[in-house]
Structure formats: C-alpha cells, structure tokens
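Structure data (mmCIF, N, CA and C atoms) from run-v2.cif:
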```cif
data_work
loop_
_atom_site.label_atom_id
_atom_site.label_comp_id
_atom_site.auth_asym_id
_atom_site.auth_seq_id
_atom_site.Cartn_x
_atom_site.Cartn_y
_atom_site.Cartn_z
N MET A 30 88.76 -74.17 -50.55
CA MET A 30 89.69 -74.04 -49.44
C MET A 30 89.78 -75.36 -48.66
N VAL A 31 88.63 -75.96 -48.41
CA VAL A 31 88.62 -77.20 -47.63
C VAL A 31 89.27 -78.33 -48.43
N ARG A 32 89.06 -78.35 -49.74
CA ARG A 32 89.64 -79.39 -50.58
C ARG A 32 91.18 -79.29 -50.55
N THR A 33 91.71 -78.07 -50.61
CA THR A 33 93.16 -77.87 -50.54
C THR A 33 93.70 -78.31 -49.19
N GLN A 34 92.99 -78.02 -48.13
CA GLN A 34 93.43 -78.42 -46.80
C GLN A 34 93.46 -79.95 -46.67
N ASN A 35 92.48 -80.62 -47.22
CA ASN A 35 92.46 -82.09 -47.17
C ASN A 35 93.61 -82.68 -47.96
N LEU A 36 93.95 -82.09 -49.11
CA LEU A 36 95.08 -82.57 -49.89
C LEU A 36 96.40 -82.35 -49.16
N LEU A 37 96.52 -81.23 -48.48
CA LEU A 37 97.74 -80.97 -47.71
C LEU A 37 97.88 -81.93 -46.53
N ILE A 38 96.79 -82.26 -45.89
CA ILE A 38 96.84 -83.23 -44.79
C ILE A 38 97.21 -84.61 -45.33
N LEU A 39 96.68 -84.98 -46.49
CA LEU A 39 97.04 -86.25 -47.10
C LEU A 39 98.52 -86.29 -47.45
N LEU A 40 99.04 -85.21 -48.02
CA LEU A 40 100.46 -85.15 -48.37
C LEU A 40 101.33 -85.21 -47.12
N LEU A 41 100.94 -84.51 -46.08
CA LEU A 41 101.68 -84.55 -44.83
C LEU A 41 101.67 -85.94 -44.22
N ALA A 42 100.54 -86.61 -44.28
CA ALA A 42 100.45 -87.97 -43.75
C ALA A 42 101.35 -88.92 -44.55
N LEU A 43 101.38 -88.77 -45.87
CA LEU A 43 102.24 -89.62 -46.69
C LEU A 43 103.71 -89.39 -46.38
N VAL A 44 104.10 -88.14 -46.18
CA VAL A 44 105.50 -87.83 -45.88
C VAL A 44 105.89 -88.40 -44.51
N VAL A 45 105.04 -88.25 -43.53
CA VAL A 45 105.34 -88.78 -42.19
C VAL A 45 105.42 -90.30 -42.22
N LEU A 46 104.50 -90.95 -42.89
CA LEU A 46 104.51 -92.40 -42.95
C LEU A 46 105.71 -92.93 -43.74
N ALA A 47 106.12 -92.22 -44.78
CA ALA A 47 107.32 -92.61 -45.52
C ALA A 47 108.56 -92.46 -44.65
N ALA A 48 108.61 -91.41 -43.82
CA ALA A 48 109.75 -91.22 -42.92
C ALA A 48 109.80 -92.33 -41.87
N VAL A 49 108.66 -92.70 -41.33
CA VAL A 49 108.63 -93.78 -40.34
C VAL A 49 109.05 -95.10 -40.98
N SER A 50 108.62 -95.33 -42.22
CA SER A 50 109.03 -96.55 -42.92
C SER A 50 110.53 -96.56 -43.19
N ALA A 51 111.08 -95.42 -43.55
CA ALA A 51 112.52 -95.34 -43.80
C ALA A 51 113.31 -95.60 -42.52
N ILE A 52 112.84 -95.08 -41.41
CA ILE A 52 113.52 -95.33 -40.14
C ILE A 52 113.47 -96.81 -39.79
N ALA A 53 112.32 -97.45 -40.03
CA ALA A 53 112.22 -98.89 -39.77
C ALA A 53 113.18 -99.68 -40.66
N GLY A 54 113.30 -99.27 -41.91
CA GLY A 54 114.23 -99.93 -42.82
C GLY A 54 115.68 -99.75 -42.38
N LEU A 55 116.03 -98.55 -41.92
CA LEU A 55 117.39 -98.30 -41.43
C LEU A 55 117.69 -99.11 -40.17
N ILE A 56 116.72 -99.23 -39.31
CA ILE A 56 116.92 -100.03 -38.10
C ILE A 56 117.17 -101.48 -38.46
N ASP A 57 116.38 -102.01 -39.39
CA ASP A 57 116.59 -103.40 -39.79
C ASP A 57 117.92 -103.59 -40.51
N TYR A 58 118.33 -102.60 -41.30
CA TYR A 58 119.65 -102.67 -41.94
C TYR A 58 120.74 -102.76 -40.88
N ASN A 59 120.66 -101.94 -39.86
CA ASN A 59 121.67 -101.96 -38.79
C ASN A 59 121.65 -103.27 -38.01
N VAL A 60 120.47 -103.81 -37.78
CA VAL A 60 120.37 -105.10 -37.09
C VAL A 60 121.01 -106.20 -37.92
N ALA A 61 120.76 -106.17 -39.23
CA ALA A 61 121.35 -107.18 -40.10
C ALA A 61 122.87 -107.05 -40.15
N ARG A 62 123.38 -105.83 -40.17
CA ARG A 62 124.82 -105.63 -40.20
C ARG A 62 125.46 -106.07 -38.89
N GLU A 63 124.80 -105.81 -37.77
CA GLU A 63 125.32 -106.25 -36.47
C GLU A 63 125.32 -107.77 -36.35
N ALA A 64 124.39 -108.42 -37.04
CA ALA A 64 124.32 -109.87 -37.00
C ALA A 64 125.35 -110.52 -37.91
N GLY A 65 126.07 -109.71 -38.69
CA GLY A 65 127.14 -110.23 -39.53
C GLY A 65 126.75 -110.47 -40.97
N SER A 66 125.63 -109.97 -41.40
CA SER A 66 125.22 -110.14 -42.80
C SER A 66 126.08 -109.25 -43.70
N PRO A 67 126.31 -109.69 -44.93
CA PRO A 67 127.01 -108.82 -45.88
C PRO A 67 126.15 -107.60 -46.22
N VAL A 68 126.78 -106.57 -46.76
CA VAL A 68 126.08 -105.31 -47.03
C VAL A 68 124.90 -105.53 -47.99
N SER A 69 125.10 -106.31 -49.03
CA SER A 69 124.02 -106.50 -50.00
C SER A 69 122.80 -107.19 -49.37
N THR A 70 123.04 -108.15 -48.49
CA THR A 70 121.94 -108.83 -47.80
C THR A 70 121.25 -107.87 -46.83
N ALA A 71 122.04 -107.07 -46.13
CA ALA A 71 121.46 -106.12 -45.18
C ALA A 71 120.62 -105.06 -45.89
N ILE A 72 121.08 -104.62 -47.05
CA ILE A 72 120.29 -103.65 -47.83
C ILE A 72 118.99 -104.29 -48.28
N GLY A 73 119.05 -105.54 -48.69
CA GLY A 73 117.83 -106.25 -49.09
C GLY A 73 116.84 -106.38 -47.96
N ARG A 74 117.34 -106.71 -46.77
CA ARG A 74 116.43 -106.83 -45.62
C ARG A 74 115.85 -105.48 -45.23
N GLY A 75 116.68 -104.44 -45.25
CA GLY A 75 116.18 -103.10 -44.91
C GLY A 75 115.15 -102.60 -45.89
N SER A 76 115.38 -102.85 -47.19
CA SER A 76 114.41 -102.40 -48.17
C SER A 76 113.11 -103.21 -48.08
N PHE A 77 113.22 -104.49 -47.75
CA PHE A 77 112.01 -105.30 -47.56
C PHE A 77 111.16 -104.74 -46.42
N VAL A 78 111.80 -104.39 -45.31
CA VAL A 78 111.06 -103.82 -44.18
C VAL A 78 110.47 -102.47 -44.55
N PHE A 79 111.23 -101.63 -45.27
CA PHE A 79 110.71 -100.33 -45.70
C PHE A 79 109.45 -100.49 -46.54
N PHE A 80 109.53 -101.34 -47.57
CA PHE A 80 108.38 -101.50 -48.46
C PHE A 80 107.21 -102.20 -47.77
N SER A 81 107.48 -103.10 -46.84
CA SER A 81 106.40 -103.74 -46.09
C SER A 81 105.69 -102.74 -45.20
N ALA A 82 106.46 -101.91 -44.51
CA ALA A 82 105.85 -100.90 -43.64
C ALA A 82 105.09 -99.87 -44.47
N MET A 83 105.64 -99.48 -45.60
CA MET A 83 104.96 -98.49 -46.44
C MET A 83 103.66 -99.06 -47.00
N THR A 84 103.65 -100.34 -47.37
CA THR A 84 102.43 -100.98 -47.85
C THR A 84 101.37 -101.02 -46.75
N LEU A 85 101.79 -101.34 -45.54
CA LEU A 85 100.87 -101.36 -44.41
C LEU A 85 100.30 -99.97 -44.16
N PHE A 86 101.15 -98.95 -44.18
CA PHE A 86 100.68 -97.59 -43.93
C PHE A 86 99.75 -97.11 -45.04
N LEU A 87 100.04 -97.46 -46.29
CA LEU A 87 99.15 -97.06 -47.37
C LEU A 87 97.80 -97.76 -47.28
N ALA A 88 97.80 -98.97 -46.76
CA ALA A 88 96.53 -99.67 -46.56
C ALA A 88 95.72 -99.03 -45.43
N LEU A 89 96.42 -98.48 -44.43
CA LEU A 89 95.73 -97.85 -43.30
C LEU A 89 95.39 -96.38 -43.55
N LEU A 90 95.91 -95.80 -44.62
CA LEU A 90 95.69 -94.38 -44.89
C LEU A 90 94.22 -94.00 -45.03
N PRO A 91 93.38 -94.79 -45.70
CA PRO A 91 91.95 -94.41 -45.77
C PRO A 91 91.27 -94.37 -44.40
N VAL A 92 91.82 -95.04 -43.43
CA VAL A 92 91.26 -95.00 -42.08
C VAL A 92 91.81 -93.81 -41.31
N LEU A 93 93.09 -93.50 -41.52
CA LEU A 93 93.73 -92.44 -40.74
C LEU A 93 93.31 -91.04 -41.16
N VAL A 94 93.20 -90.80 -42.45
CA VAL A 94 92.91 -89.43 -42.92
C VAL A 94 91.54 -88.94 -42.48
N PRO A 95 90.47 -89.72 -42.60
CA PRO A 95 89.18 -89.21 -42.10
C PRO A 95 89.19 -88.98 -40.58
N ALA A 96 90.01 -89.71 -39.86
CA ALA A 96 90.07 -89.49 -38.42
C ALA A 96 90.73 -88.17 -38.08
N VAL A 97 91.63 -87.71 -38.94
CA VAL A 97 92.34 -86.45 -38.71
C VAL A 97 91.46 -85.27 -39.11
N THR A 98 90.71 -85.41 -40.21
CA THR A 98 89.93 -84.26 -40.70
C THR A 98 88.58 -84.18 -40.06
#
```

Show me the file's structure as structure tokens.
Amino acid sequence: MVRTQNLLILLLALVVLAAVSAIAGLIDYNVAREAGSPVSTAIGRGSFVFFSAMTLFLALLPVLVPAVT
C-alpha cells in the first residue's frame, strides 16, 4: 500500500512539474512573439525554456519527493 502511494505521489509531482514547465514555455513564446520574433523562432525559444525547466525540475525531484512523503 505504501509503495503504491509513493508511486502516485511521484506521478503527481511529475505531472505538476510538467504543467509548470509548459506554462513557462508558453510565457516565453508569448514574450518572443510580442518582441517581434517569427513564429518558428518563438516556438524554438518556448520549447527551449520548457525543456530547461523540465530538466531542472527532474534534477530537483529526488529532493522534493522525500520531503513530501
């Protein structure tokens, strides 16, 4: 039972962190578009921010999950 609960908390943490990363990517996409960048460049910048934030969150995940459980 405890093992299942830990897996569910890990999955929930991954989903929340992916959502936060996606929001950061969308914000950067909008900033790039407001600055006058073409769509392809803005998509590149937004995806770079998304993957950078997701990498940071995955690196912090071993610290965050034990603090929650």

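If all atoms listed in the file are the atoms counted, then among A:Thr84, A:Leu37, A:Leu90, A:Arg74 the closest residue to Gly54 of chain A is A:Arg74.
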
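The interatomic distance for the pair atom CA of Pro91 of chain A and atom C of Ile72 of chain A works out to 28.9 Å.
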
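Rounded to one decimal, atom C of Ser66 of chain A and atom C of Ala82 of chain A lie 23.0 Å from each other.
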
inquiry  = Translate the PyMOL selection byres (((chain A and resi 39-47 and name CA) around 10) and name CA) into a concrete residue list for this structure, as a VMD selection string.
reply    = chain A and resid 33 to 38 48 to 53 79 to 80 82 to 87 90 to 91 93 to 95 97 to 98
